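Q: Dropping in structure11.txt, which is compact mmCIF, C-alpha atoms:
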# COMPACT_ATOMS: atom_id res chain seq x y z
CA MET A 48 104.45 208.89 167.87
CA LYS A 49 102.11 207.09 165.50
CA ILE A 50 100.25 203.89 166.27
CA VAL A 51 99.75 201.82 163.12
CA THR A 52 97.68 198.64 163.05
CA SER A 53 97.25 198.14 159.30
CA VAL A 54 99.79 196.35 157.11
CA HIS A 55 98.95 198.61 154.17
CA GLU A 56 99.25 201.80 156.22
CA MET A 57 102.61 200.72 157.60
CA ARG A 58 104.01 199.87 154.18
CA ASP A 59 102.71 203.12 152.67
CA LEU A 60 104.30 205.11 155.49
CA SER A 61 107.64 203.36 155.00
CA MET A 62 107.56 203.84 151.24
CA LYS A 63 106.96 207.58 151.68
CA GLU A 64 109.94 207.84 154.06
CA ARG A 65 112.13 205.85 151.69
CA SER A 66 111.15 208.17 148.83
CA LYS A 67 112.62 211.01 150.91
CA ASN A 68 115.88 209.05 151.31
CA LYS A 69 115.12 208.49 154.99
CA THR A 70 116.67 205.53 156.81
CA ILE A 71 114.26 203.21 158.62
CA ALA A 72 115.31 201.26 161.72
CA LEU A 73 113.16 198.39 163.01
CA VAL A 74 113.07 196.84 166.46
CA PRO A 75 110.80 193.76 166.42
CA THR A 76 109.24 192.93 169.81
CA MET A 77 106.45 190.93 171.37
CA GLY A 78 105.87 193.69 173.89
CA TYR A 79 106.15 193.78 177.67
CA LEU A 80 109.26 195.86 177.21
CA HIS A 81 112.27 195.77 179.52
CA GLU A 82 115.74 197.32 179.58
CA GLY A 83 116.94 194.96 176.86
CA HIS A 84 114.30 196.25 174.46
CA LEU A 85 115.12 199.79 175.54
CA SER A 86 118.77 199.31 174.54
CA LEU A 87 117.64 198.20 171.07
CA LEU A 88 115.34 201.21 170.71
CA LYS A 89 118.05 203.64 171.79
CA GLU A 90 120.50 202.18 169.27
CA GLY A 91 117.80 202.16 166.60
CA ARG A 92 117.15 205.83 167.31
CA GLN A 93 120.79 206.54 166.51
CA ARG A 94 120.73 204.51 163.29
CA GLY A 95 117.44 205.54 161.71
CA ASP A 96 115.63 208.69 160.65
CA MET A 97 112.42 206.80 161.38
CA LEU A 98 112.40 204.32 164.28
CA VAL A 99 109.72 201.65 164.07
CA MET A 100 108.97 199.22 166.89
CA SER A 101 106.77 196.30 165.98
CA LEU A 102 104.65 194.86 168.78
CA PHE A 103 103.10 191.51 167.89
CA VAL A 104 102.80 188.37 169.99
CA ASN A 105 103.40 185.94 167.17
CA PRO A 106 101.25 182.80 167.52
CA MET A 107 103.24 180.98 164.85
CA GLN A 108 106.31 180.67 167.11
CA PHE A 109 104.46 179.16 170.07
CA GLY A 110 103.98 175.43 170.41
CA PRO A 111 100.60 173.92 171.42
CA LYS A 112 101.69 173.58 175.08
CA GLU A 113 103.52 176.89 175.33
CA ASP A 114 102.52 180.18 176.91
CA LEU A 115 100.79 182.11 174.10
CA ALA A 116 97.60 182.78 176.07
CA LYS A 117 99.38 183.97 179.22
CA TYR A 118 102.30 185.75 177.56
CA PRO A 119 102.55 189.13 179.38
CA ARG A 120 100.87 192.03 177.62
CA ASP A 121 100.56 195.69 178.64
CA PHE A 122 100.16 197.95 175.63
CA GLU A 123 99.78 201.23 177.54
CA ARG A 124 102.98 200.56 179.49
CA ASP A 125 104.85 199.59 176.31
CA LYS A 126 103.60 202.68 174.51
CA LYS A 127 104.96 204.99 177.21
CA ILE A 128 108.36 203.25 177.22
CA ALA A 129 108.62 203.30 173.43
CA GLU A 130 107.71 206.98 173.28
CA ARG A 131 110.32 207.88 175.90
CA ALA A 132 112.93 206.03 173.82
CA GLY A 133 112.16 208.22 170.81
CA THR A 134 110.14 205.70 168.79
CA ASP A 135 108.36 207.26 165.82
CA VAL A 136 105.97 204.41 164.99
CA ILE A 137 104.57 201.44 166.87
CA PHE A 138 103.37 198.86 164.38
CA CYS A 139 100.94 196.66 166.28
CA PRO A 140 98.87 194.54 163.88
CA ASP A 141 96.53 191.78 165.03
CA SER A 142 96.80 188.17 163.87
CA GLY A 143 94.25 188.77 161.13
CA GLN A 144 96.47 191.44 159.61
CA MET A 145 99.63 189.35 159.83
CA TYR A 146 98.15 185.99 158.89
CA PRO A 147 95.09 186.55 156.69
CA GLY A 148 93.48 183.18 156.13
CA PRO A 149 94.00 180.80 154.62
CA PHE A 150 97.71 181.30 155.35
CA LYS A 151 99.85 178.63 153.67
CA THR A 152 103.42 179.95 153.48
CA ALA A 153 106.36 179.71 155.86
CA VAL A 154 110.04 180.61 155.80
CA GLU A 155 112.48 178.19 157.42
CA VAL A 156 116.25 178.20 157.85
CA THR A 157 117.09 174.50 157.89
CA GLU A 158 119.81 172.90 160.05
CA LEU A 159 120.29 175.96 162.26
CA SER A 160 116.67 175.69 163.43
CA GLY A 161 116.84 172.06 164.56
CA VAL A 162 119.54 172.34 167.23
CA LEU A 163 119.70 173.82 170.75
CA CYS A 164 116.32 175.49 171.41
CA GLY A 165 114.99 173.97 168.19
CA LYS A 166 115.12 170.49 169.74
CA THR A 167 112.85 171.48 172.61
CA ARG A 168 110.67 173.86 170.59
CA PRO A 169 110.10 172.24 167.18
CA GLY A 170 108.68 174.73 164.68
CA HIS A 171 109.53 177.72 166.86
CA PHE A 172 112.18 179.20 164.59
CA LYS A 173 110.07 178.66 161.49
CA GLY A 174 107.53 180.91 163.18
CA VAL A 175 110.23 183.44 164.00
CA THR A 176 111.71 183.61 160.51
CA THR A 177 108.29 183.77 158.89
CA VAL A 178 107.13 186.70 160.98
CA VAL A 179 110.47 188.52 160.67
CA MET A 180 110.37 188.13 156.90
CA LYS A 181 106.85 189.54 156.88
CA LEU A 182 107.93 192.47 159.05
CA PHE A 183 110.82 193.19 156.70
CA ASN A 184 108.41 193.19 153.73
CA ILE A 185 105.93 195.44 155.54
CA VAL A 186 108.19 197.93 157.35
CA LEU A 187 110.90 197.95 154.65
CA PRO A 188 113.70 198.74 157.12
CA HIS A 189 117.29 199.48 156.23
CA VAL A 190 118.47 198.15 159.60
CA ALA A 191 116.92 195.81 162.19
CA LEU A 192 118.10 195.26 165.75
CA PHE A 193 117.96 192.05 167.79
CA GLY A 194 119.32 191.10 171.21
CA GLU A 195 122.12 188.59 171.71
CA LYS A 196 120.24 186.88 174.55
CA ASP A 197 118.28 185.02 171.86
CA PHE A 198 121.56 184.15 170.20
CA GLN A 199 120.30 181.26 168.08
CA GLN A 200 117.52 183.49 166.76
CA LEU A 201 120.07 186.15 165.82
CA VAL A 202 122.23 183.65 163.92
CA ILE A 203 119.20 182.24 162.09
CA ILE A 204 117.94 185.67 161.05
CA ARG A 205 121.39 186.63 159.78
CA GLN A 206 121.48 183.43 157.74
CA MET A 207 118.02 184.12 156.30
CA VAL A 208 119.04 187.64 155.28
CA LYS A 209 122.21 186.33 153.65
CA ASP A 210 120.56 183.41 151.85
CA LEU A 211 117.59 185.37 150.52
CA ASN A 212 119.50 188.58 149.61
CA ILE A 213 117.39 190.70 151.91
CA PRO A 214 118.68 194.30 151.91
CA VAL A 215 118.51 194.76 155.70
CA GLU A 216 121.50 195.22 158.00
CA ILE A 217 121.15 193.03 161.10
CA ILE A 218 122.56 194.48 164.32
CA GLY A 219 123.08 192.25 167.36
CA MET A 220 123.00 194.03 170.71
CA PRO A 221 124.60 192.87 174.00
CA ILE A 222 122.59 191.13 176.71
CA ILE A 223 121.17 193.49 179.33
CA ARG A 224 121.17 192.04 182.83
CA GLU A 225 119.52 192.75 186.15
CA PRO A 226 121.91 194.15 188.80
CA ASP A 227 122.30 190.61 190.19
CA GLY A 228 123.19 189.16 186.78
CA LEU A 229 119.93 187.61 185.58
CA ALA A 230 119.43 188.19 181.86
CA ARG A 231 116.47 190.51 181.23
CA SER A 232 113.46 188.72 179.77
CA SER A 233 109.75 189.37 179.54
CA ARG A 234 109.24 185.86 180.96
CA ASN A 235 111.05 186.74 184.20
CA ILE A 236 107.68 187.98 185.45
CA TYR A 237 106.58 184.34 185.67
CA LEU A 238 109.22 183.51 188.29
CA SER A 239 108.31 183.10 191.95
CA ALA A 240 110.70 184.55 194.52
CA ASP A 241 112.35 181.14 195.02
CA GLU A 242 112.55 180.50 191.26
CA ARG A 243 114.04 183.95 190.76
CA ARG A 244 116.82 183.15 193.23
CA SER A 245 117.44 179.76 191.64
CA ALA A 246 117.54 181.33 188.16
CA LEU A 247 120.66 183.28 189.17
CA SER A 248 122.58 180.00 188.96
CA ILE A 249 122.59 180.36 185.15
CA SER A 250 124.46 183.66 185.01
CA ARG A 251 126.54 182.62 188.03
CA GLY A 252 127.61 179.43 186.27
CA LEU A 253 128.46 181.31 183.09
CA SER A 254 130.47 183.84 185.08
CA LYS A 255 132.44 181.09 186.84
CA ALA A 256 133.10 179.35 183.52
CA MET A 257 134.28 182.62 182.01
CA ASP A 258 136.60 183.24 184.98
CA THR A 259 138.05 179.77 184.48
CA PHE A 260 138.46 180.41 180.77
CA LYS A 261 140.34 183.64 181.48
CA THR A 262 142.85 181.71 183.61
CA GLY A 263 143.81 179.81 180.47
CA ASN A 264 141.57 176.73 180.75
CA ARG A 265 140.32 175.96 177.23
CA ASN A 266 138.77 172.56 178.05
CA SER A 267 135.18 172.70 176.78
CA THR A 268 134.08 169.73 178.91
CA GLU A 269 135.32 171.38 182.09
CA LEU A 270 133.73 174.73 181.25
CA ILE A 271 130.41 173.04 180.52
CA SER A 272 130.61 171.07 183.77
CA ILE A 273 131.05 174.28 185.76
CA VAL A 274 127.79 175.65 184.39
CA LYS A 275 125.93 172.33 184.66
CA ASN A 276 126.96 171.86 188.29
CA GLU A 277 125.86 175.37 189.23
CA ILE A 278 122.46 174.85 187.60
CA LYS A 279 121.99 171.41 189.15
CA SER A 280 122.87 172.63 192.64
CA SER A 281 120.14 175.28 192.43
CA GLY A 282 117.41 172.82 191.51
CA LEU A 283 116.87 174.11 187.98
CA LYS A 284 116.15 171.58 185.23
CA GLU A 285 118.80 171.77 182.53
CA ASP A 286 117.75 171.73 178.88
CA TYR A 287 121.23 172.14 177.42
CA VAL A 288 124.65 173.60 178.16
CA GLU A 289 127.01 173.64 175.18
CA VAL A 290 130.07 175.36 173.77
CA ILE A 291 129.21 176.23 170.18
CA ASP A 292 130.62 177.94 167.12
CA GLU A 293 128.90 181.32 166.87
CA CYS A 294 128.40 181.01 163.11
CA THR A 295 127.32 177.38 162.68
CA LEU A 296 125.81 176.68 166.15
CA GLU A 297 127.63 173.36 166.07
CA PRO A 298 129.57 172.06 169.10
CA ALA A 299 133.00 173.66 169.16
CA SER A 300 136.21 173.71 171.12
CA ALA A 301 136.70 176.56 173.54
CA THR A 302 139.93 177.23 171.66
CA ALA A 303 137.96 178.26 168.56
CA ASN A 304 137.93 181.91 167.55
CA ASN A 305 134.12 182.16 167.64
CA ALA A 306 133.20 180.04 170.66
CA ARG A 307 130.26 180.77 172.93
CA ILE A 308 128.69 178.97 175.88
CA VAL A 309 124.91 178.73 175.50
CA VAL A 310 122.44 177.62 178.17
CA ALA A 311 118.76 176.80 178.46
CA ALA A 312 117.15 175.67 181.72
CA TYR A 313 113.78 175.59 183.44
CA ALA A 314 112.96 177.44 186.64
CA GLY A 315 109.68 175.74 187.46
CA SER A 316 107.78 175.85 184.17
CA THR A 317 109.62 178.96 182.91
CA ARG A 318 112.26 178.33 180.29
CA LEU A 319 115.26 180.66 180.53
CA ILE A 320 118.15 181.12 178.12
CA ASP A 321 121.50 182.84 178.43
CA ASN A 322 124.94 182.82 176.85
CA VAL A 323 128.42 184.30 177.00
CA SER A 324 131.10 184.75 174.35
CA LEU A 325 134.47 183.12 175.03
CA GLU A 326 136.42 186.10 173.80
CA LYS A 327 140.13 185.70 173.33
CA GLU A 328 142.27 188.35 174.97
Can the structure in the file be given as C-alpha cells, please?
A:
Amino acid sequence: MKIVTSVHEMRDLSMKERSKNKTIALVPTMGYLHEGHLSLLKEGRQRGDMLVMSLFVNPMQFGPKEDLAKYPRDFERDKKIAERAGTDVIFCPDSGQMYPGPFKTAVEVTELSGVLCGKTRPGHFKGVTTVVMKLFNIVLPHVALFGEKDFQQLVIIRQMVKDLNIPVEIIGMPIIREPDGLARSSRNIYLSADERRSALSISRGLSKAMDTFKTGNRNSTELISIVKNEIKSSGLKEDYVEVIDECTLEPASATANNARIVVAAYAGSTRLIDNVSLEKE
C-alpha cells in the first residue's frame, strides 16, 4: 500500500493506471475509520483495479464554531484498517496541498445545499462539493463511493456530477449501524455514556416510524411525530425531522415513490444524523 501526500504524485499515479486501462475506485474520508468506511472500501475493492482512499480533514466544510480542531484523528490506526481492506493507495495531502494560497474558487450546488443540514451549517456543503471536485480532478476515479448516512451529501454530489458532466459513477452505500442500532459515525466518540444511550432514540424513532409505515399508515405528519416524540423523550435536542423526496430533498408525502425520513439532533454538543427509506413493498 502506497502513502501519497502530493497532489502531483497522486495525479501522475492515476494517469499511469488509466493509461493501462485500469479502473480507479475512490473512497473519500476524513479518517478515524469505522465499519461504515470499511463497507465502502470493501465495495471499492470489488469495483476498481486500483482502490484509493483519500484521508483529509477538510477545513472548508467546518464552520467557525464547529469541531475542526478536535475532530478525531489517528493515522496509524486508519492505515492498518485501510490496508486490511485491500486499499492500494492512501492519498493524505495537507491543507497546503489541497488549498494552495491564495485560494479563491469554490463549487456550490445551489438549492440542495440550503435545506436540512444546510440551514444549520451554512457553507458546509460548498466545502464538501469543492473538496470532492478537487479529489475527482486529482485522483481521476472512474467510480466513487459514499455512505447513505450523509444522505443530503450524497444527493448533492450526484447533482454536481450530473450538472458538470463529471465522468465518475457515484455509488451510495447503505448505513452501517452498531448492534444496538446507532448509525456508525466518527463523531460517536464524542458521546458520553448517557449521551450514547440517549442517541439511540434516533434509530429507535425511525424504526417505530418504519413499523407504522409498514402497517399501511402513509400519513407523513404522524410518522414525523413518532420520531420527534422519541427524540424529545430522550432529552436530545431536535434539529429537524422531515419526510423528503430522495431526489429533490423537498418535503414529500410518505405516499411518494422516493420518500425518506431524515433526522438531525444533538446529543449534548454532538450533532447526529440518520435516515431511513420509506420503501414500498
Q: Using CA of Ile291 (chain A) and CA of Arg307 (chain A) as the two end points, give the distance in Å to one decimal.
A: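 Result for CA of Ile291 (chain A) versus CA of Arg307 (chain A): 5.4 Å, one decimal.
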Q: Do you know which residues are at most 12 Å from region 237-252 of chain A counting all atoms listed in the file, after dropping those on the same chain fewer than 6 positions away, and could you put them as JSON, numbers by chain?
A: {"A": [114, 117, 118, 119, 196, 222, 223, 224, 225, 226, 227, 228, 229, 230, 231, 258, 259, 269, 270, 271, 272, 273, 274, 275, 276, 277, 278, 279, 280, 281, 282, 283, 284, 285, 286, 287, 288, 308, 309, 310, 311, 312, 313, 314, 315, 316, 317, 318, 319, 320, 321, 322, 323]}
Q: Output C-alpha atoms of each residue in that selection to a file, as a PDB file, in the frame of the given file.
A:
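And here is the file that came out, out_31.pdb:
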ATOM      1  CA  ASP A 114     102.520 180.180 176.910  1.00  0.00           C
ATOM      2  CA  LYS A 117      99.380 183.970 179.220  1.00  0.00           C
ATOM      3  CA  TYR A 118     102.300 185.750 177.560  1.00  0.00           C
ATOM      4  CA  PRO A 119     102.550 189.130 179.380  1.00  0.00           C
ATOM      5  CA  LYS A 196     120.240 186.880 174.550  1.00  0.00           C
ATOM      6  CA  ILE A 222     122.590 191.130 176.710  1.00  0.00           C
ATOM      7  CA  ILE A 223     121.170 193.490 179.330  1.00  0.00           C
ATOM      8  CA  ARG A 224     121.170 192.040 182.830  1.00  0.00           C
ATOM      9  CA  GLU A 225     119.520 192.750 186.150  1.00  0.00           C
ATOM     10  CA  PRO A 226     121.910 194.150 188.800  1.00  0.00           C
ATOM     11  CA  ASP A 227     122.300 190.610 190.190  1.00  0.00           C
ATOM     12  CA  GLY A 228     123.190 189.160 186.780  1.00  0.00           C
ATOM     13  CA  LEU A 229     119.930 187.610 185.580  1.00  0.00           C
ATOM     14  CA  ALA A 230     119.430 188.190 181.860  1.00  0.00           C
ATOM     15  CA  ARG A 231     116.470 190.510 181.230  1.00  0.00           C
ATOM     16  CA  ASP A 258     136.600 183.240 184.980  1.00  0.00           C
ATOM     17  CA  THR A 259     138.050 179.770 184.480  1.00  0.00           C
ATOM     18  CA  GLU A 269     135.320 171.380 182.090  1.00  0.00           C
ATOM     19  CA  LEU A 270     133.730 174.730 181.250  1.00  0.00           C
ATOM     20  CA  ILE A 271     130.410 173.040 180.520  1.00  0.00           C
ATOM     21  CA  SER A 272     130.610 171.070 183.770  1.00  0.00           C
ATOM     22  CA  ILE A 273     131.050 174.280 185.760  1.00  0.00           C
ATOM     23  CA  VAL A 274     127.790 175.650 184.390  1.00  0.00           C
ATOM     24  CA  LYS A 275     125.930 172.330 184.660  1.00  0.00           C
ATOM     25  CA  ASN A 276     126.960 171.860 188.290  1.00  0.00           C
ATOM     26  CA  GLU A 277     125.860 175.370 189.230  1.00  0.00           C
ATOM     27  CA  ILE A 278     122.460 174.850 187.600  1.00  0.00           C
ATOM     28  CA  LYS A 279     121.990 171.410 189.150  1.00  0.00           C
ATOM     29  CA  SER A 280     122.870 172.630 192.640  1.00  0.00           C
ATOM     30  CA  SER A 281     120.140 175.280 192.430  1.00  0.00           C
ATOM     31  CA  GLY A 282     117.410 172.820 191.510  1.00  0.00           C
ATOM     32  CA  LEU A 283     116.870 174.110 187.980  1.00  0.00           C
ATOM     33  CA  LYS A 284     116.150 171.580 185.230  1.00  0.00           C
ATOM     34  CA  GLU A 285     118.800 171.770 182.530  1.00  0.00           C
ATOM     35  CA  ASP A 286     117.750 171.730 178.880  1.00  0.00           C
ATOM     36  CA  TYR A 287     121.230 172.140 177.420  1.00  0.00           C
ATOM     37  CA  VAL A 288     124.650 173.600 178.160  1.00  0.00           C
ATOM     38  CA  ILE A 308     128.690 178.970 175.880  1.00  0.00           C
ATOM     39  CA  VAL A 309     124.910 178.730 175.500  1.00  0.00           C
ATOM     40  CA  VAL A 310     122.440 177.620 178.170  1.00  0.00           C
ATOM     41  CA  ALA A 311     118.760 176.800 178.460  1.00  0.00           C
ATOM     42  CA  ALA A 312     117.150 175.670 181.720  1.00  0.00           C
ATOM     43  CA  TYR A 313     113.780 175.590 183.440  1.00  0.00           C
ATOM     44  CA  ALA A 314     112.960 177.440 186.640  1.00  0.00           C
ATOM     45  CA  GLY A 315     109.680 175.740 187.460  1.00  0.00           C
ATOM     46  CA  SER A 316     107.780 175.850 184.170  1.00  0.00           C
ATOM     47  CA  THR A 317     109.620 178.960 182.910  1.00  0.00           C
ATOM     48  CA  ARG A 318     112.260 178.330 180.290  1.00  0.00           C
ATOM     49  CA  LEU A 319     115.260 180.660 180.530  1.00  0.00           C
ATOM     50  CA  ILE A 320     118.150 181.120 178.120  1.00  0.00           C
ATOM     51  CA  ASP A 321     121.500 182.840 178.430  1.00  0.00           C
ATOM     52  CA  ASN A 322     124.940 182.820 176.850  1.00  0.00           C
ATOM     53  CA  VAL A 323     128.420 184.300 177.000  1.00  0.00           C
TER      54      VAL A 323
END
Q: Which residues, written as a list in words, have at least one atom at most 9 Å from Gly170 (chain A), with only C-alpha atoms counted and residues fewer than 2 positions away on the same chain left out?
A: Met107, Gln108, Phe109, Gly110, Glu155, Ser160, Gly161, Gly165, Arg168, Phe172, Lys173, Gly174 and Val175 of chain A
Q: What does the distance between CA of Phe193 (chain A) and CA of His84 (chain A) come to in Å, to one decimal place?
A: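 Separation between CA of Phe193 (chain A) and CA of His84 (chain A): 8.7 Å.
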Q: Can you measure CA of Ile213 (chain A) to CA of Met48 (chain A) for me? One decimal in Å is fine.
A: 27.4 Å
Q: Between A:Glu123, A:Leu187, A:Arg131, A:Val156, single out the one closest to Ser66 (chain A), counting all atoms listed in the file.
A: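 Residue with the minimum atom-to-atom distance to Ser66 (chain A): A:Leu187.
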Q: With all atoms listed in the file as the basis for distance, which of A:Ser61, A:Thr134, A:Ser232, A:Thr157 is at the shortest distance from Arg92 (chain A)?
A: A:Thr134
Q: Tell me which of A:Ile50, A:Ala191, A:Val154, A:Leu163 sits closest to Pro140 (chain A), counting all atoms listed in the file.
A: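 The shortest atom-to-atom distance to Pro140 (chain A) comes from A:Ile50.
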Q: Restricting the calculation to only C-alpha atoms: of A:Val54, A:Asn266, A:Ile185, A:Val190, which residue gets closest to Pro147 (chain A)?
A: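 For Pro147 (chain A), the nearest of the candidates is A:Val54.
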Q: Is it possible to get the residues within 12 Å of (116.1, 208.6, 162.3) (coordinates as in the file, counting only C-alpha atoms) written as a PDB file with C-alpha atoms, keeping the file's coordinate frame?
A:
ATOM      1  CA  GLU A  64     109.940 207.840 154.060  1.00  0.00           C
ATOM      2  CA  ARG A  65     112.130 205.850 151.690  1.00  0.00           C
ATOM      3  CA  ASN A  68     115.880 209.050 151.310  1.00  0.00           C
ATOM      4  CA  LYS A  69     115.120 208.490 154.990  1.00  0.00           C
ATOM      5  CA  THR A  70     116.670 205.530 156.810  1.00  0.00           C
ATOM      6  CA  ILE A  71     114.260 203.210 158.620  1.00  0.00           C
ATOM      7  CA  ALA A  72     115.310 201.260 161.720  1.00  0.00           C
ATOM      8  CA  LEU A  73     113.160 198.390 163.010  1.00  0.00           C
ATOM      9  CA  LEU A  88     115.340 201.210 170.710  1.00  0.00           C
ATOM     10  CA  LYS A  89     118.050 203.640 171.790  1.00  0.00           C
ATOM     11  CA  GLU A  90     120.500 202.180 169.270  1.00  0.00           C
ATOM     12  CA  GLY A  91     117.800 202.160 166.600  1.00  0.00           C
ATOM     13  CA  ARG A  92     117.150 205.830 167.310  1.00  0.00           C
ATOM     14  CA  GLN A  93     120.790 206.540 166.510  1.00  0.00           C
ATOM     15  CA  ARG A  94     120.730 204.510 163.290  1.00  0.00           C
ATOM     16  CA  GLY A  95     117.440 205.540 161.710  1.00  0.00           C
ATOM     17  CA  ASP A  96     115.630 208.690 160.650  1.00  0.00           C
ATOM     18  CA  MET A  97     112.420 206.800 161.380  1.00  0.00           C
ATOM     19  CA  LEU A  98     112.400 204.320 164.280  1.00  0.00           C
ATOM     20  CA  VAL A  99     109.720 201.650 164.070  1.00  0.00           C
ATOM     21  CA  GLY A 133     112.160 208.220 170.810  1.00  0.00           C
ATOM     22  CA  THR A 134     110.140 205.700 168.790  1.00  0.00           C
ATOM     23  CA  ASP A 135     108.360 207.260 165.820  1.00  0.00           C
ATOM     24  CA  VAL A 136     105.970 204.410 164.990  1.00  0.00           C
ATOM     25  CA  PRO A 188     113.700 198.740 157.120  1.00  0.00           C
ATOM     26  CA  HIS A 189     117.290 199.480 156.230  1.00  0.00           C
ATOM     27  CA  VAL A 190     118.470 198.150 159.600  1.00  0.00           C
TER      28      VAL A 190
END
Q: Report as an MDAnalysis selection string all protein, DNA and RNA residues lying within 12 Å of Asn105 (chain A), evaluated on all atoms listed in the file, omitting residues in the same chain fewer than 6 positions from it.
A: chainID A and resid 75:78 114:116 118 139:146 171:179 181:182
Q: With only C-alpha atoms as the atoms that count, which of A:Ser53, A:Asn304, A:Thr295, A:Ser86 lies nearest to Phe198 (chain A)?
A: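 Answer, going by the shortest atom-to-atom distance: A:Thr295.
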Q: With all atoms listed in the file counted, which protein, DNA or RNA residues have an atom no more than 8 Å from (121.1, 192.0, 157.8) in the file frame? Please answer as a ChimeraX atom specification.
A: /A:190-191,204-205,208-209,213-218
Q: Env of Asp125 (chain A): 10 Å cut, atoms = all atoms listed in the file, seq-sep filter 3 positions within chain, self excluded. Answer as a PDB file with C-alpha atoms, in the coordinates of the input.
A:
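Result saved to selection.pdb:
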ATOM      1  CA  GLY A  78     105.870 193.690 173.890  1.00  0.00           C
ATOM      2  CA  TYR A  79     106.150 193.780 177.670  1.00  0.00           C
ATOM      3  CA  LEU A  80     109.260 195.860 177.210  1.00  0.00           C
ATOM      4  CA  HIS A  81     112.270 195.770 179.520  1.00  0.00           C
ATOM      5  CA  LEU A 102     104.650 194.860 168.780  1.00  0.00           C
ATOM      6  CA  ARG A 120     100.870 192.030 177.620  1.00  0.00           C
ATOM      7  CA  ASP A 121     100.560 195.690 178.640  1.00  0.00           C
ATOM      8  CA  PHE A 122     100.160 197.950 175.630  1.00  0.00           C
ATOM      9  CA  ILE A 128     108.360 203.250 177.220  1.00  0.00           C
ATOM     10  CA  ALA A 129     108.620 203.300 173.430  1.00  0.00           C
ATOM     11  CA  GLU A 130     107.710 206.980 173.280  1.00  0.00           C
ATOM     12  CA  ARG A 131     110.320 207.880 175.900  1.00  0.00           C
ATOM     13  CA  ILE A 137     104.570 201.440 166.870  1.00  0.00           C
TER      14      ILE A 137
END
Q: Glu297 (chain A): which residues within 9 Å, counting only C-alpha atoms, same-chain residues fewer than 6 positions away excluded, as a ChimeraX atom specification?
A: /A:159,162,290-291
Q: Given the choices A:Lys112, A:Asn264, A:Pro106, A:Phe138, which gets closest to Thr52 (chain A) if the distance is worked out from all atoms listed in the file?
A: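 Of A:Lys112, A:Asn264, A:Pro106, A:Phe138, the one nearest Thr52 (chain A) is A:Phe138, counting all atoms listed in the file.
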Q: What would region 82-98 of chain A look like with N, CA and C atoms restored, written as an mmCIF file, in the frame of the given file?
A:
data_model
loop_
_atom_site.group_PDB
_atom_site.id
_atom_site.type_symbol
_atom_site.label_atom_id
_atom_site.label_comp_id
_atom_site.auth_asym_id
_atom_site.auth_seq_id
_atom_site.Cartn_x
_atom_site.Cartn_y
_atom_site.Cartn_z
ATOM 1 N N GLU A 82 114.541 196.552 179.898
ATOM 2 C CA GLU A 82 115.740 197.320 179.580
ATOM 3 C C GLU A 82 116.458 196.794 178.332
ATOM 4 N N GLY A 83 116.337 195.497 178.080
ATOM 5 C CA GLY A 83 116.940 194.960 176.860
ATOM 6 C C GLY A 83 116.317 195.560 175.618
ATOM 7 N N HIS A 84 114.979 195.614 175.582
ATOM 8 C CA HIS A 84 114.300 196.250 174.460
ATOM 9 C C HIS A 84 114.694 197.723 174.356
ATOM 10 N N LEU A 85 114.793 198.363 175.521
ATOM 11 C CA LEU A 85 115.120 199.790 175.540
ATOM 12 C C LEU A 85 116.487 200.049 174.904
ATOM 13 N N SER A 86 117.447 199.147 175.141
ATOM 14 C CA SER A 86 118.770 199.310 174.540
ATOM 15 C C SER A 86 118.692 199.203 173.019
ATOM 16 N N LEU A 87 117.818 198.330 172.513
ATOM 17 C CA LEU A 87 117.640 198.200 171.070
ATOM 18 C C LEU A 87 117.011 199.475 170.497
ATOM 19 N N LEU A 88 116.016 199.996 171.192
ATOM 20 C CA LEU A 88 115.340 201.210 170.710
ATOM 21 C C LEU A 88 116.297 202.404 170.701
ATOM 22 N N LYS A 89 117.108 202.516 171.730
ATOM 23 C CA LYS A 89 118.050 203.640 171.790
ATOM 24 C C LYS A 89 119.071 203.555 170.654
ATOM 25 N N GLU A 90 119.555 202.348 170.373
ATOM 26 C CA GLU A 90 120.500 202.180 169.270
ATOM 27 C C GLU A 90 119.801 202.414 167.933
ATOM 28 N N GLY A 91 118.567 201.932 167.821
ATOM 29 C CA GLY A 91 117.800 202.160 166.600
ATOM 30 C C GLY A 91 117.550 203.640 166.352
ATOM 31 N N ARG A 92 117.359 204.381 167.438
ATOM 32 C CA ARG A 92 117.150 205.830 167.310
ATOM 33 C C ARG A 92 118.384 206.500 166.699
ATOM 34 N N GLN A 93 119.551 205.982 167.043
ATOM 35 C CA GLN A 93 120.790 206.540 166.510
ATOM 36 C C GLN A 93 121.006 206.162 165.044
ATOM 37 N N ARG A 94 120.444 205.037 164.619
ATOM 38 C CA ARG A 94 120.730 204.510 163.290
ATOM 39 C C ARG A 94 119.675 204.839 162.249
ATOM 40 N N GLY A 95 118.511 205.312 162.670
ATOM 41 C CA GLY A 95 117.440 205.540 161.710
ATOM 42 C C GLY A 95 116.835 206.928 161.796
ATOM 43 N N ASP A 96 116.411 207.441 160.645
ATOM 44 C CA ASP A 96 115.630 208.690 160.650
ATOM 45 C C ASP A 96 114.226 208.421 161.155
ATOM 46 N N MET A 97 113.705 207.230 160.850
ATOM 47 C CA MET A 97 112.420 206.800 161.380
ATOM 48 C C MET A 97 112.628 205.493 162.145
ATOM 49 N N LEU A 98 112.264 205.505 163.428
ATOM 50 C CA LEU A 98 112.400 204.320 164.280
ATOM 51 C C LEU A 98 111.032 203.664 164.426
#
